Amino acid sequence: MPDLKTCIGQFTLLRRASGTVWGEVTRRKAPHKPILLMAVLDLIARGVITTPVVDVTGDLVELNDLFNLYWRRVVSVGRSSSIAFPFSRLHNEPFWKLIAKPEHAVSDAVIAKTTTVSYLRTYALGARIDEDLFAIMQTESGRTTLREALLQSCFSEEAQLALLEQAVVNQGAFDYELMLEKQAHQPLVKEVLETNSYKPAVRDQGFRRMVVSTYDHRCALCGIRIVTPEGHTVVEAAHIVPWSESRNDDIRNGMALCRLCHWGFDEGMLGVSINYQVITASSIGLAPNFAGSLQTLTGRAIIQPGDTALRPAQEYLGEHRHRWKLK
Ligand SMILES: [Zn+2]
């Protein structure tokens with residue numbers, strides 16, 4: 001039965017690929033495994049992962065979001081990676097075992113071929129974490145100790161600080177998201193938000209997660225919904241009245257919008273009527289514009305959250321219409 005010391009040892013001695021691409025920041029080895037484990041610790045803290053099984057559907061989408069946030073802190077811009085790499089290769093560590101689908105088997109050859117989440121999902125249901133390790137991961141002190149072991153053994157001092165800061169932001173964003181969710185059903189959310197000072201990174205992440213999940217990754221205006229197998233979504237969290245002016249992360253001052261609709265909305269080419277239908281500005285069709293599908297949105301009912309208490313407030317939509325003289 002592994003005790004804390006054994007677990008720390010296993011985390012400290014992760015087998016990581018070496019290569020000339022990895023600099024001193026990651027101690028000249030690949031950072032995938034420790035970053036995935038940091039994300040797993042976050043999801044256990046949030047109560048998203050509650051059993052020693054990490055599944056390759058819902059859990060993986062959530063993990064991917066956190067994985068990328070950590071990744072961007074220590075890996076140079078433009079260099080991306082799939083979470084499928086560490087998720088599969090951790091199988092070679094004593095505490096993480098892939099669970100194969102019936103009629104499938106996990107082998108070194110299969111693992112070596114795993115470079116995408118799509119492929120991972122063809123043969124694996126998830127991964128099982130050693131139960132004793134999981135028990136330690138469920139305590140805050142255990143998580144702190146294990147996180148420290150990962151940071152100290154795998155990253156430079158500067159990178160350790162950046163990753164630790166990200167861990168704090170991740171926790172803060174989760175608390176912020178919970179608060180927004182709770183306040184969404186209260187009339188005074190704006191005032192509540194004004195009396196609290198949250199770091200921009202915490203706010204951005206919490207608001208984004210809350211809005212995107214409320215709309216289930218669907219653009220409120222055009223209805224498009226695309227989530228890649230890696231968990232990347234086409235939508236962004238848009239403020240109806242910009243944050244810079246309103247300082248208002250009330251979920252009812254937000255909508256999930258695809259990149260094009262977000263731009264169109266912020267430029268005043270798209271709006272929402274008092275009847276929750278899409279309004280398009282006449283300027284959208286002026287020569288030499290070719291507005292394509294955007295013009296066809298005129299009069300279309302917007303996509304609203306299932307919980308009507310969370311739908312965009314006319315107070316904010318009206319301010320947006322007034323500003324851009326949309327009728
Ligand atoms: Zn759209």
# chains A, B, ... in the order shown; residues from 1 in each chain; ligands from 1
call {"tool": "closest_atom_pairs", "arguments": {"of": "chain A", "to": "ligand 1", "cutoff": "10 Å", "atoms": "only C-alpha atoms and all ligand atoms", "output": "CSV"}}
result
residue,atom,partner,partner_atom_place_in_ligand_line,distance
A:Arg218,CA,ligand 1,1 (Zn),8.1
A:Cys219,CA,ligand 1,1 (Zn),4.7
A:Ala220,CA,ligand 1,1 (Zn),6.7
A:Leu221,CA,ligand 1,1 (Zn),5.2
A:Cys222,CA,ligand 1,1 (Zn),4.1
A:Gly223,CA,ligand 1,1 (Zn),6.0
A:Ile224,CA,ligand 1,1 (Zn),5.8
A:Arg225,CA,ligand 1,1 (Zn),8.6
A:Val234,CA,ligand 1,1 (Zn),8.8
A:Val235,CA,ligand 1,1 (Zn),7.7
A:Glu236,CA,ligand 1,1 (Zn),9.8
A:Ala256,CA,ligand 1,1 (Zn),8.5
A:Leu257,CA,ligand 1,1 (Zn),5.3
A:Cys258,CA,ligand 1,1 (Zn),4.2
A:Arg259,CA,ligand 1,1 (Zn),6.8
A:Leu260,CA,ligand 1,1 (Zn),5.9
A:Cys261,CA,ligand 1,1 (Zn),4.3
A:His262,CA,ligand 1,1 (Zn),7.1
A:Trp263,CA,ligand 1,1 (Zn),9.4
A:Gly264,CA,ligand 1,1 (Zn),9.0
A:Phe265,CA,ligand 1,1 (Zn),9.6
A:Ser293,CA,ligand 1,1 (Zn),9.7
A:Leu294,CA,ligand 1,1 (Zn),8.4
A:Leu297,CA,ligand 1,1 (Zn),9.4
call {"tool": "select_by_dssp", "arguments": {"residues": "range 46-184 of chain A", "states": "alpha helix (DSSP H)", "output": "number ranges by chain"}}
result
A: 58-74, 84-89, 108-113, 117-123, 131-137, 140-154, 157-183
call {"tool": "closest_residue", "arguments": {"among": "A:Ile49, A:Val61, A:Leu286, A:Leu43", "to": "Val227 in chain A", "atoms": "only C-alpha atoms"}}
result
A:Val61
call {"tool": "atom_distance", "arguments": {"atom1": "CA of Glu181 in chain A", "atom2": "CA of Ile251 in chain A"}}
result
7.8 Å
call {"tool": "residues_around", "arguments": {"residues": "Asp3 in chain A", "least_positions_apart": "3", "cutoff": "8 Å", "atoms": "only C-alpha atoms", "output": "VMD selection string"}}
result
chain A and resid 6 to 7 132 to 133
call {"tool": "atom_distance", "arguments": {"atom1": "CA of Arg143 in chain A", "atom2": "CA of Met210 in chain A"}}
result
25.1 Å
call {"tool": "closest_residue", "arguments": {"among": "A:Gln10, A:Asn68, A:Ser76, A:Gln304", "to": "Trp22 in chain A", "atoms": "only C-alpha atoms"}}
result
A:Ser76
call {"tool": "closest_residue", "arguments": {"among": "A:Tyr119, A:Phe85, A:Phe174, A:Phe134", "to": "Leu66 in chain A", "atoms": "only C-alpha atoms"}}
result
A:Phe174
call {"tool": "closest_residue", "arguments": {"among": "A:Arg79, A:Arg121, A:His217, A:His320", "to": "Glu230 in chain A", "atoms": "only C-alpha atoms"}}
result
A:Arg121
call {"tool": "closest_residue", "arguments": {"among": "A:Ser81, A:Gln295, A:Thr26, A:Gln205", "to": "Gln166 in chain A", "atoms": "only C-alpha atoms"}}
result
A:Gln205
call {"tool": "atom_distance", "arguments": {"atom1": "CA of Ala184 in chain A", "atom2": "CA of Arg311 in chain A"}}
result
9.9 Å
